[in-house]
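As provided, run03.cif (mmCIF, C-alpha atoms) reads as follows.
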data_work
loop_
_atom_site.group_PDB
_atom_site.id
_atom_site.type_symbol
_atom_site.label_atom_id
_atom_site.label_comp_id
_atom_site.auth_asym_id
_atom_site.auth_seq_id
_atom_site.Cartn_x
_atom_site.Cartn_y
_atom_site.Cartn_z
ATOM 1 C CA MET A 168 17.688 83.721 164.708
ATOM 2 C CA SER A 169 18.346 83.028 168.389
ATOM 3 C CA GLN A 170 20.031 79.732 167.547
ATOM 4 C CA HIS A 171 23.762 80.012 167.433
ATOM 5 C CA ASN A 172 25.724 77.413 165.631
ATOM 6 C CA THR A 173 29.088 79.066 166.130
ATOM 7 C CA GLY A 174 31.282 76.222 164.887
ATOM 8 C CA HIS A 175 29.472 75.992 161.580
ATOM 9 C CA GLU A 176 29.127 79.706 161.240
ATOM 10 C CA HIS A 177 32.825 80.240 161.598
ATOM 11 C CA ALA A 178 33.696 77.643 158.968
ATOM 12 C CA SER A 179 31.217 79.110 156.511
ATOM 13 C CA ALA A 180 32.266 82.689 157.062
ATOM 14 C CA GLU A 181 35.439 82.052 155.095
ATOM 15 C CA GLY A 182 34.975 81.671 151.391
ATOM 16 C CA HIS A 183 31.204 81.742 151.162
ATOM 17 C CA GLY A 184 30.761 85.345 152.181
ATOM 18 C CA SER A 185 29.269 86.679 155.365
ATOM 19 C CA LEU A 186 26.133 88.618 156.179
ATOM 20 C CA LYS A 187 28.283 91.737 156.254
ATOM 21 C CA SER A 188 29.661 91.224 152.745
ATOM 22 C CA TYR A 189 26.149 90.536 151.390
ATOM 23 C CA VAL A 190 24.751 93.678 153.018
ATOM 24 C CA ILE A 191 27.641 95.793 151.682
ATOM 25 C CA GLY A 192 27.139 94.317 148.209
ATOM 26 C CA PHE A 193 23.417 95.050 148.378
ATOM 27 C CA ILE A 194 23.969 98.676 149.448
ATOM 28 C CA PHE A 195 26.525 99.138 146.639
ATOM 29 C CA SER A 196 24.101 97.731 144.077
ATOM 30 C CA ILE A 197 21.295 100.045 145.243
ATOM 31 C CA VAL A 198 23.551 103.120 145.150
ATOM 32 C CA LEU A 199 24.921 102.143 141.723
ATOM 33 C CA THR A 200 21.343 101.962 140.438
ATOM 34 C CA ILE A 201 20.166 105.230 141.957
ATOM 35 C CA ILE A 202 23.092 107.330 140.631
ATOM 36 C CA PRO A 203 22.482 106.647 136.895
ATOM 37 C CA LEU A 204 18.729 106.887 137.471
ATOM 38 C CA VAL A 205 18.997 110.373 138.984
ATOM 39 C CA ILE A 206 21.392 111.512 136.263
ATOM 40 C CA VAL A 207 19.143 110.314 133.434
ATOM 41 C CA MET A 208 15.763 111.341 134.869
ATOM 42 C CA ASN A 209 16.944 114.869 135.685
ATOM 43 C CA GLY A 210 19.106 115.303 132.596
ATOM 44 C CA LEU A 211 22.060 116.395 134.735
ATOM 45 C CA LEU A 212 24.737 115.702 132.116
ATOM 46 C CA ASN A 213 24.983 115.968 128.345
ATOM 47 C CA LYS A 214 24.544 112.920 126.109
ATOM 48 C CA THR A 215 28.142 111.707 125.955
ATOM 49 C CA GLN A 216 28.762 112.274 129.668
ATOM 50 C CA THR A 217 25.530 110.457 130.563
ATOM 51 C CA PHE A 218 26.409 107.552 128.269
ATOM 52 C CA ILE A 219 29.869 107.152 129.787
ATOM 53 C CA THR A 220 28.675 107.541 133.389
ATOM 54 C CA ILE A 221 25.830 105.039 133.178
ATOM 55 C CA MET A 222 28.007 102.469 131.392
ATOM 56 C CA ILE A 223 30.638 102.805 134.128
ATOM 57 C CA MET A 224 27.919 102.344 136.773
ATOM 58 C CA ALA A 225 26.666 99.194 135.009
ATOM 59 C CA VAL A 226 30.169 97.719 134.837
ATOM 60 C CA LEU A 227 30.771 98.535 138.539
ATOM 61 C CA GLN A 228 27.463 96.854 139.299
ATOM 62 C CA LEU A 229 28.672 93.768 137.391
ATOM 63 C CA ILE A 230 31.878 93.752 139.447
ATOM 64 C CA VAL A 231 29.924 94.076 142.720
ATOM 65 C CA GLN A 232 27.719 91.121 141.773
ATOM 66 C CA LEU A 233 30.716 88.999 140.750
ATOM 67 C CA PHE A 234 32.734 89.648 143.895
ATOM 68 C CA PHE A 235 30.144 90.090 146.640
ATOM 69 C CA PHE A 236 27.447 87.675 145.452
ATOM 70 C CA MET A 237 28.864 85.226 142.923
ATOM 71 C CA HIS A 238 32.175 84.783 144.814
ATOM 72 C CA ILE A 239 34.189 84.694 141.634
ATOM 73 C CA ARG A 240 37.437 84.374 143.582
ATOM 74 C CA GLU A 241 36.286 81.161 145.226
ATOM 75 C CA GLY A 242 37.063 77.691 143.992
ATOM 76 C CA GLU A 243 40.185 75.770 143.249
ATOM 77 C CA LYS A 244 43.104 77.057 141.296
ATOM 78 C CA PRO A 245 43.559 77.374 138.397
ATOM 79 C CA ARG A 246 40.428 79.476 138.239
ATOM 80 C CA TRP A 247 38.731 78.048 135.171
ATOM 81 C CA ASN A 248 35.527 79.944 135.966
ATOM 82 C CA VAL A 249 37.357 83.275 135.726
ATOM 83 C CA MET A 250 39.095 82.217 132.513
ATOM 84 C CA THR A 251 35.881 81.120 130.767
ATOM 85 C CA LEU A 252 34.214 84.326 131.923
ATOM 86 C CA ILE A 253 37.020 86.438 130.440
ATOM 87 C CA VAL A 254 36.815 84.568 127.109
ATOM 88 C CA GLY A 255 33.035 85.072 127.109
ATOM 89 C CA ILE A 256 33.304 88.792 127.825
ATOM 90 C CA ILE A 257 35.911 89.255 125.071
ATOM 91 C CA ILE A 258 33.609 87.536 122.544
ATOM 92 C CA VAL A 259 30.599 89.579 123.686
ATOM 93 C CA PHE A 260 32.579 92.815 123.477
ATOM 94 C CA THR A 261 33.741 91.890 119.953
ATOM 95 C CA VAL A 262 30.216 91.014 118.826
ATOM 96 C CA VAL A 263 28.541 94.099 120.319
ATOM 97 C CA ALA A 264 31.215 96.682 119.472
ATOM 98 C CA GLY A 265 31.817 95.082 116.053
ATOM 99 C CA SER A 266 28.110 95.079 115.172
ATOM 100 C CA ILE A 267 27.630 98.704 116.176
ATOM 101 C CA TRP A 268 30.765 99.757 114.317
ATOM 102 C CA ILE A 269 30.093 97.898 111.079
ATOM 103 C CA MET A 270 26.401 98.817 110.972
ATOM 104 C CA SER A 271 26.969 102.515 111.610
ATOM 105 C CA PHE A 272 29.718 102.528 108.991
ATOM 106 C CA ASN A 273 27.306 100.888 106.575
ATOM 107 C CA SER A 274 24.554 103.456 107.147
ATOM 108 C CA THR A 275 26.838 106.469 106.598
ATOM 109 C CA MET A 276 28.059 105.000 103.319
ATOM 110 C CA GLN A 277 24.616 104.724 101.748
ATOM 111 C CA MET B 4 39.855 53.139 163.142
ATOM 112 C CA ALA B 5 42.288 55.728 161.836
ATOM 113 C CA HIS B 6 42.370 53.910 158.536
ATOM 114 C CA ALA B 7 38.595 53.954 158.237
ATOM 115 C CA THR B 8 38.546 57.684 158.884
ATOM 116 C CA THR B 9 41.112 58.445 156.176
ATOM 117 C CA GLU B 10 39.301 56.291 153.662
ATOM 118 C CA HIS B 11 36.079 58.056 154.440
ATOM 119 C CA SER B 12 37.667 61.479 154.093
ATOM 120 C CA HIS B 13 39.214 60.443 150.759
ATOM 121 C CA ALA B 14 35.852 59.391 149.405
ATOM 122 C CA HIS B 15 34.411 62.582 150.779
ATOM 123 C CA GLU B 16 37.076 64.670 149.023
ATOM 124 C CA ALA B 17 36.563 62.900 145.698
ATOM 125 C CA HIS B 18 32.839 63.482 145.933
ATOM 126 C CA GLU B 19 33.378 67.095 146.946
ATOM 127 C CA SER B 20 35.655 67.807 143.958
ATOM 128 C CA HIS B 21 33.132 66.111 141.681
ATOM 129 C CA GLU B 22 30.450 68.456 142.981
ATOM 130 C CA SER B 23 32.687 71.500 142.587
ATOM 131 C CA LEU B 24 33.458 70.376 139.011
ATOM 132 C CA LYS B 25 29.712 70.508 138.375
ATOM 133 C CA VAL B 26 29.658 74.069 139.702
ATOM 134 C CA LEU B 27 32.442 74.917 137.229
ATOM 135 C CA GLY B 28 30.330 73.285 134.510
ATOM 136 C CA PHE B 29 27.523 75.617 135.508
ATOM 137 C CA TRP B 30 29.859 78.610 135.204
ATOM 138 C CA ILE B 31 30.599 77.478 131.648
ATOM 139 C CA PHE B 32 26.860 77.279 130.945
ATOM 140 C CA ILE B 33 26.492 80.836 132.276
ATOM 141 C CA VAL B 34 29.205 82.011 129.890
ATOM 142 C CA THR B 35 27.341 80.465 126.939
ATOM 143 C CA ASP B 36 24.249 82.304 128.165
ATOM 144 C CA ILE B 37 26.283 85.521 128.231
ATOM 145 C CA LEU B 38 27.037 84.906 124.538
ATOM 146 C CA ILE B 39 23.306 84.599 123.773
ATOM 147 C CA PHE B 40 22.519 87.833 125.566
ATOM 148 C CA GLY B 41 25.550 89.557 124.018
ATOM 149 C CA THR B 42 24.214 88.730 120.558
ATOM 150 C CA LEU B 43 20.745 90.013 121.440
ATOM 151 C CA PHE B 44 22.271 93.215 122.877
ATOM 152 C CA ALA B 45 24.234 93.694 119.640
ATOM 153 C CA CYS B 46 21.001 93.214 117.690
ATOM 154 C CA TYR B 47 19.186 95.760 119.832
ATOM 155 C CA ALA B 48 22.035 98.270 119.626
ATOM 156 C CA VAL B 49 21.974 98.093 115.838
ATOM 157 C CA LEU B 50 18.186 98.096 115.376
ATOM 158 C CA HIS B 51 16.899 100.392 118.141
ATOM 159 C CA THR B 52 16.570 103.403 115.834
ATOM 160 C CA HIS B 53 14.703 101.434 113.135
ATOM 161 C CA THR B 54 11.167 102.255 114.194
ATOM 162 C CA ASN B 55 9.615 102.340 110.704
ATOM 163 C CA GLY B 56 8.020 105.710 111.483
ATOM 164 C CA GLY B 57 6.541 104.456 114.758
ATOM 165 C CA PRO B 58 7.320 105.787 118.240
ATOM 166 C CA GLY B 59 10.797 105.116 119.648
ATOM 167 C CA ALA B 60 12.110 104.135 123.051
ATOM 168 C CA LYS B 61 11.626 107.618 124.486
ATOM 169 C CA GLU B 62 7.891 107.668 123.766
ATOM 170 C CA LEU B 63 7.169 104.053 124.692
ATOM 171 C CA PHE B 64 8.948 103.253 127.936
ATOM 172 C CA GLU B 65 7.235 103.904 131.267
ATOM 173 C CA MET B 66 10.027 104.317 133.786
ATOM 174 C CA PRO B 67 8.148 103.823 137.110
ATOM 175 C CA GLY B 68 7.392 100.177 136.331
ATOM 176 C CA VAL B 69 10.938 99.556 135.121
ATOM 177 C CA ILE B 70 12.451 101.169 138.230
ATOM 178 C CA ALA B 71 10.236 98.987 140.436
ATOM 179 C CA GLU B 72 11.324 95.886 138.473
ATOM 180 C CA THR B 73 14.981 96.829 138.916
ATOM 181 C CA PHE B 74 14.798 97.263 142.678
ATOM 182 C CA ILE B 75 12.728 94.095 143.059
ATOM 183 C CA LEU B 76 15.339 92.081 141.154
ATOM 184 C CA LEU B 77 18.243 93.641 143.083
ATOM 185 C CA THR B 78 16.526 92.754 146.350
ATOM 186 C CA SER B 79 15.855 89.194 145.171
ATOM 187 C CA SER B 80 19.549 88.842 144.348
ATOM 188 C CA PHE B 81 20.306 89.845 147.948
ATOM 189 C CA THR B 82 17.731 87.435 149.412
ATOM 190 C CA SER B 83 19.133 84.564 147.338
ATOM 191 C CA GLY B 84 22.488 85.494 148.898
ATOM 192 C CA LEU B 85 20.883 85.197 152.342
ATOM 193 C CA ALA B 86 19.610 81.767 151.277
ATOM 194 C CA MET B 87 23.237 80.804 150.558
ATOM 195 C CA LEU B 88 24.259 81.946 154.042
ATOM 196 C CA ALA B 89 21.488 79.829 155.574
ATOM 197 C CA LEU B 90 22.677 76.894 153.431
ATOM 198 C CA HIS B 91 26.213 77.103 154.785
ATOM 199 C CA LYS B 92 24.910 77.387 158.333
ATOM 200 C CA GLY B 93 22.949 74.193 157.735
ATOM 201 C CA LYS B 94 19.601 75.792 158.531
ATOM 202 C CA VAL B 95 17.206 74.173 156.095
ATOM 203 C CA LYS B 96 14.046 76.017 157.186
ATOM 204 C CA GLN B 97 15.742 79.392 156.924
ATOM 205 C CA LEU B 98 17.114 78.370 153.526
ATOM 206 C CA ILE B 99 13.668 77.421 152.200
ATOM 207 C CA ALA B 100 12.184 80.621 153.660
ATOM 208 C CA TRP B 101 14.742 82.862 151.895
ATOM 209 C CA LEU B 102 14.259 80.922 148.649
ATOM 210 C CA ALA B 103 10.513 81.502 149.027
ATOM 211 C CA VAL B 104 11.059 85.259 149.495
ATOM 212 C CA THR B 105 13.310 85.253 146.414
ATOM 213 C CA ALA B 106 10.658 83.373 144.420
ATOM 214 C CA VAL B 107 7.940 85.846 145.435
ATOM 215 C CA LEU B 108 10.140 88.785 144.361
ATOM 216 C CA GLY B 109 10.935 86.991 141.097
ATOM 217 C CA ALA B 110 7.228 86.428 140.474
ATOM 218 C CA ALA B 111 6.531 90.124 141.160
ATOM 219 C CA PHE B 112 9.199 91.033 138.609
ATOM 220 C CA ILE B 113 7.632 88.749 135.989
ATOM 221 C CA GLY B 114 4.187 90.176 136.770
ATOM 222 C CA LEU B 115 5.385 93.750 136.200
ATOM 223 C CA GLU B 116 7.177 92.787 132.996
ATOM 224 C CA LEU B 117 4.155 90.958 131.578
ATOM 225 C CA HIS B 118 2.002 93.956 132.468
ATOM 226 C CA GLU B 119 4.410 96.230 130.579
ATOM 227 C CA PHE B 120 4.284 93.954 127.521
ATOM 228 C CA VAL B 121 0.484 93.666 127.608
ATOM 229 C CA VAL B 122 0.054 97.458 127.821
ATOM 230 C CA LEU B 123 2.472 97.962 124.901
ATOM 231 C CA VAL B 124 0.741 95.354 122.739
ATOM 232 C CA GLU B 125 -2.696 96.767 123.549
ATOM 233 C CA GLU B 126 -1.463 100.154 122.353
ATOM 234 C CA GLY B 127 -0.551 98.437 119.084
ATOM 235 C CA HIS B 128 3.197 98.150 119.573
ATOM 236 C CA LYS B 129 3.652 94.516 118.625
ATOM 237 C CA ILE B 130 6.769 92.430 118.077
ATOM 238 C CA SER B 131 6.000 92.515 114.348
ATOM 239 C CA SER B 132 5.541 96.322 114.207
ATOM 240 C CA ASN B 133 9.148 97.232 113.470
ATOM 241 C CA ALA B 134 12.765 96.126 113.865
ATOM 242 C CA PHE B 135 13.177 98.121 117.089
ATOM 243 C CA LEU B 136 10.257 96.346 118.779
ATOM 244 C CA SER B 137 11.371 92.928 117.467
ATOM 245 C CA ALA B 138 14.797 93.435 119.029
ATOM 246 C CA PHE B 139 13.260 94.856 122.221
ATOM 247 C CA TYR B 140 10.799 92.020 122.847
ATOM 248 C CA THR B 141 13.402 89.385 121.978
ATOM 249 C CA LEU B 142 16.049 90.779 124.330
ATOM 250 C CA VAL B 143 13.798 91.642 127.280
ATOM 251 C CA GLY B 144 11.586 88.590 126.705
ATOM 252 C CA THR B 145 14.577 86.215 126.715
ATOM 253 C CA HIS B 146 15.613 87.630 130.082
ATOM 254 C CA GLY B 147 12.039 87.254 131.364
ATOM 255 C CA LEU B 148 11.969 83.653 130.172
ATOM 256 C CA HIS B 149 15.177 82.977 132.079
ATOM 257 C CA VAL B 150 13.619 84.392 135.241
ATOM 258 C CA MET B 151 10.560 82.163 134.763
ATOM 259 C CA ILE B 152 12.769 79.077 134.313
ATOM 260 C CA GLY B 153 14.632 80.136 137.468
ATOM 261 C CA LEU B 154 11.319 80.304 139.341
ATOM 262 C CA VAL B 155 10.296 76.782 138.308
ATOM 263 C CA TRP B 156 13.750 75.525 139.294
ATOM 264 C CA MET B 157 13.559 77.342 142.629
ATOM 265 C CA ILE B 158 10.181 75.862 143.510
ATOM 266 C CA ALA B 159 11.320 72.355 142.552
ATOM 267 C CA LEU B 160 14.421 72.790 144.695
ATOM 268 C CA MET B 161 12.375 74.020 147.666
ATOM 269 C CA ILE B 162 10.321 70.809 147.467
ATOM 270 C CA GLN B 163 13.485 68.701 147.220
ATOM 271 C CA LEU B 164 15.085 70.526 150.168
ATOM 272 C CA SER B 165 12.030 69.947 152.334
ATOM 273 C CA ARG B 166 12.214 66.219 151.534
ATOM 274 C CA ARG B 167 15.944 65.511 151.525
ATOM 275 C CA GLY B 168 17.351 68.357 153.613
ATOM 276 C CA ILE B 169 20.814 69.769 153.033
ATOM 277 C CA THR B 170 23.096 67.201 151.393
ATOM 278 C CA GLU B 171 26.136 67.597 149.147
ATOM 279 C CA VAL B 172 23.889 67.303 146.117
ATOM 280 C CA THR B 173 21.291 69.832 147.255
ATOM 281 C CA THR B 174 24.115 72.152 148.348
ATOM 282 C CA ARG B 175 25.506 72.117 144.811
ATOM 283 C CA LYS B 176 22.026 72.664 143.356
ATOM 284 C CA VAL B 177 21.337 75.674 145.589
ATOM 285 C CA THR B 178 24.815 77.051 144.775
ATOM 286 C CA ASN B 179 24.105 76.803 141.040
ATOM 287 C CA LEU B 180 20.640 78.313 141.394
ATOM 288 C CA SER B 181 22.095 81.220 143.341
ATOM 289 C CA LEU B 182 24.770 81.772 140.652
ATOM 290 C CA TYR B 183 22.050 81.711 137.993
ATOM 291 C CA TRP B 184 19.920 84.213 139.894
ATOM 292 C CA HIS B 185 22.786 86.680 140.421
ATOM 293 C CA PHE B 186 23.645 86.288 136.748
ATOM 294 C CA LEU B 187 20.078 87.228 135.761
ATOM 295 C CA ASP B 188 20.425 90.298 137.941
ATOM 296 C CA VAL B 189 23.623 91.269 136.087
ATOM 297 C CA ILE B 190 21.895 90.843 132.704
ATOM 298 C CA TRP B 191 18.972 92.947 133.925
ATOM 299 C CA ILE B 192 21.350 95.749 134.976
ATOM 300 C CA PHE B 193 22.549 95.891 131.375
ATOM 301 C CA VAL B 194 18.989 95.727 130.029
ATOM 302 C CA PHE B 195 18.051 98.542 132.409
ATOM 303 C CA THR B 196 21.067 100.635 131.344
ATOM 304 C CA VAL B 197 21.189 99.967 127.610
ATOM 305 C CA VAL B 198 17.484 99.595 126.802
ATOM 306 C CA TYR B 199 15.686 101.781 129.313
ATOM 307 C CA LEU B 200 18.084 104.444 130.614
ATOM 308 C CA MET B 201 19.678 105.056 127.220
ATOM 309 C CA GLY B 202 16.238 104.850 125.639
ATOM 310 C CA VAL B 203 14.762 107.685 127.678
ATOM 311 C CA MET B 204 17.857 109.886 128.009
#
What do you get writing this file as structure tokens?
Amino acid sequence: MSQHNTGHEHASAEGHGSLKSYVIGFIFSIVLTIIPLVIVMNGLLNKTQTFITIMIMAVLQLIVQLFFFMHIREGEKPRWNVMTLIVGIIIVFTVVAGSIWIMSFNSTMQ
Amino acid sequence: MAHATTEHSHAHEAHESHESLKVLGFWIFIVTDILIFGTLFACYAVLHTHTNGGPGAKELFEMPGVIAETFILLTSSFTSGLAMLALHKGKVKQLIAWLAVTAVLGAAFIGLELHEFVVLVEEGHKISSNAFLSAFYTLVGTHGLHVMIGLVWMIALMIQLSRRGITEVTTRKVTNLSLYWHFLDVIWIFVFTVVYLMGVM
């Protein structure tokens, strides 16, 4: 830790994240885990409110990981990684929401 | 002299962009993995109430173990980030040390998960018991399998780093491993939320 490689350190600070950004990301991720945990374990909100809150927390957590840890904004333009990720998320959303919708529709019709 | 330098930097650039193309390729792999998990999540969402008269999520899940697993995995995501910082500072020993910490945390996660599965199976809640448990073991087990593959990869990479040091190739490999590890953390957050938190609420 006492070694200081300032030249290198400076170059790497841009683009690859810094200790500060990793620590902030880590704190965010811990807080975003504790909030839904406390809400669910103590039954602070009703079912719908809990559902919405914990899903929002999970999505925020995803965003924290993407920006603070996975450095989604890095890389050359055009950002193919972001584009493939968006396509993937759209397909997943369609599959998950579509399955839930069609299967619940099916069970009420029986 | 000047000519030689430019030529070298050209070759360097070409190699660099080739390596970054491989990182993009890894992003595309991650997206295909997201599709696999998305399908398993859809399956679980549809089947989680189909317990065939057996106990449901609320009765089965033990939250203390799951909470421990979650914080262990979050911390390992952070330590793999610290490994990336060490990589870009060119400190190979620090890099291997942080990878080792990450691997230990990953192993602890797997240990807790296996323990959870063993306890459930011993109580008679097997993968074949009902549709809910089939979907549960498949979804959570697939994530666990990914973590185990990540561990093997991490150990292999630690050996390679100790032999070859930090090169362009090992830099790309560590970058991909770190992406993979953060991605597993993201998937776990959704497992934690959808399977466990929604299960016990």
Handout entry: Contact residues around region 40-56 of chain B with all atoms listed in the file at 9 Å, ignoring same-chain residues under 3 positions, as JSON, numbers by chain
Key = {"A": [256, 258, 259, 260, 262, 263, 264, 265, 266, 267, 270, 271], "B": [35, 36, 37, 59, 60, 132, 133, 134, 135, 136, 137, 138, 139, 141, 142, 145, 146, 190, 193, 194, 197, 198, 202]}
Handout entry: Interatomic distance, CA of Thr78 (chain B) to CA of Leu229 (chain A) (Å, one decimal)
Key =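 If I compute the distance from CA of Thr78 (chain B) to CA of Leu229 (chain A), I get 15.1 Å.
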Exercise for the section: For region 202-204 of chain A, work out the shell of residues within 7 Å, counting only C-alpha atoms and skipping chain neighbours fewer than 4 positions away, then give it as a list in words. Expected result: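 In the requested format, the answer is Val198, Met208, Ile221 and Met224 of chain A.
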Exercise for the section: Counting all atoms listed in the file, collect the residues of chain B whose closest atom lies at most 6 Å from chain A, and write them out as a list in words. Expected result: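 Per the criterion, chain B yields Trp30, Val34, Leu38, Gly41, Ala45, Val49, His91, Lys92, Leu182, Val189 and Met204 of chain B.
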Report the residues retrieved by the PyMOL selection byres ((chain B and resi 87) around 8) from the displayed file, expressed as a compact mmCIF listing (two decimals) with C-alpha atoms, in the frame of the given file.
# COMPACT_ATOMS: atom_id res chain seq x y z
CA SER B 83 19.13 84.56 147.34
CA GLY B 84 22.49 85.49 148.90
CA LEU B 85 20.88 85.20 152.34
CA ALA B 86 19.61 81.77 151.28
CA LEU B 88 24.26 81.95 154.04
CA ALA B 89 21.49 79.83 155.57
CA LEU B 90 22.68 76.89 153.43
CA HIS B 91 26.21 77.10 154.78
CA LEU B 98 17.11 78.37 153.53
CA VAL B 177 21.34 75.67 145.59
CA THR B 178 24.82 77.05 144.78
CA SER B 181 22.10 81.22 143.34
If the PyMOL selection byres ((chain B and resi 73) around 10) were run on this exact file, what residues would it hold? Put them as an mmCIF file with C-alpha atoms, in the coordinates of the input.
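Result file follows (expr-v5.cif):
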data_model
loop_
_atom_site.group_PDB
_atom_site.id
_atom_site.type_symbol
_atom_site.label_atom_id
_atom_site.label_comp_id
_atom_site.auth_asym_id
_atom_site.auth_seq_id
_atom_site.Cartn_x
_atom_site.Cartn_y
_atom_site.Cartn_z
ATOM 1 C CA ILE A 197 21.295 100.045 145.243
ATOM 2 C CA THR A 200 21.343 101.962 140.438
ATOM 3 C CA PRO B 67 8.148 103.823 137.110
ATOM 4 C CA GLY B 68 7.392 100.177 136.331
ATOM 5 C CA VAL B 69 10.938 99.556 135.121
ATOM 6 C CA ILE B 70 12.451 101.169 138.230
ATOM 7 C CA ALA B 71 10.236 98.987 140.436
ATOM 8 C CA GLU B 72 11.324 95.886 138.473
ATOM 9 C CA PHE B 74 14.798 97.263 142.678
ATOM 10 C CA ILE B 75 12.728 94.095 143.059
ATOM 11 C CA LEU B 76 15.339 92.081 141.154
ATOM 12 C CA LEU B 77 18.243 93.641 143.083
ATOM 13 C CA THR B 78 16.526 92.754 146.350
ATOM 14 C CA SER B 79 15.855 89.194 145.171
ATOM 15 C CA PHE B 112 9.199 91.033 138.609
ATOM 16 C CA ASP B 188 20.425 90.298 137.941
ATOM 17 C CA TRP B 191 18.972 92.947 133.925
ATOM 18 C CA ILE B 192 21.350 95.749 134.976
ATOM 19 C CA VAL B 194 18.989 95.727 130.029
ATOM 20 C CA PHE B 195 18.051 98.542 132.409
#
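Every residue that the PyMOL selection byres ((chain B and resi 26) around 10) selects in this file is listed here: Gly242 and Asn248 of chain A; Ser20, His21, Glu22, Ser23, Leu24, Lys25, Leu27, Gly28, Phe29, Trp30, Ile31, Phe32, Arg175, Lys176, Thr178, Asn179 and Leu182 of chain B.
Atom pair CA of Ser165 (chain B) / CA of His149 (chain B): separated by 24.3 Å.
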Problem - Length of the CA of Arg166 (chain B) to CA of Val107 (chain B) vector [Å] - result: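 CA of Arg166 (chain B) sits 21.0 Å away from CA of Val107 (chain B).
For the choices B:Ile130, B:Val143, B:Leu164, B:Ala100, the atom-to-atom distance to Leu117 (chain B) is smallest for B:Val143 when using only C-alpha atoms.
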Practice task
Please provide as a list in words all residues within 8 Å of Met157 (chain B), with the sequence filter that same-chain residues fewer than 2 positions apart are discarded (counting all atoms listed in the file).
Solution key: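 The contact residues come out as Leu102, Ala106, Gly153, Leu154, Val155, Ala159, Leu160, Met161 and Leu180 of chain B.
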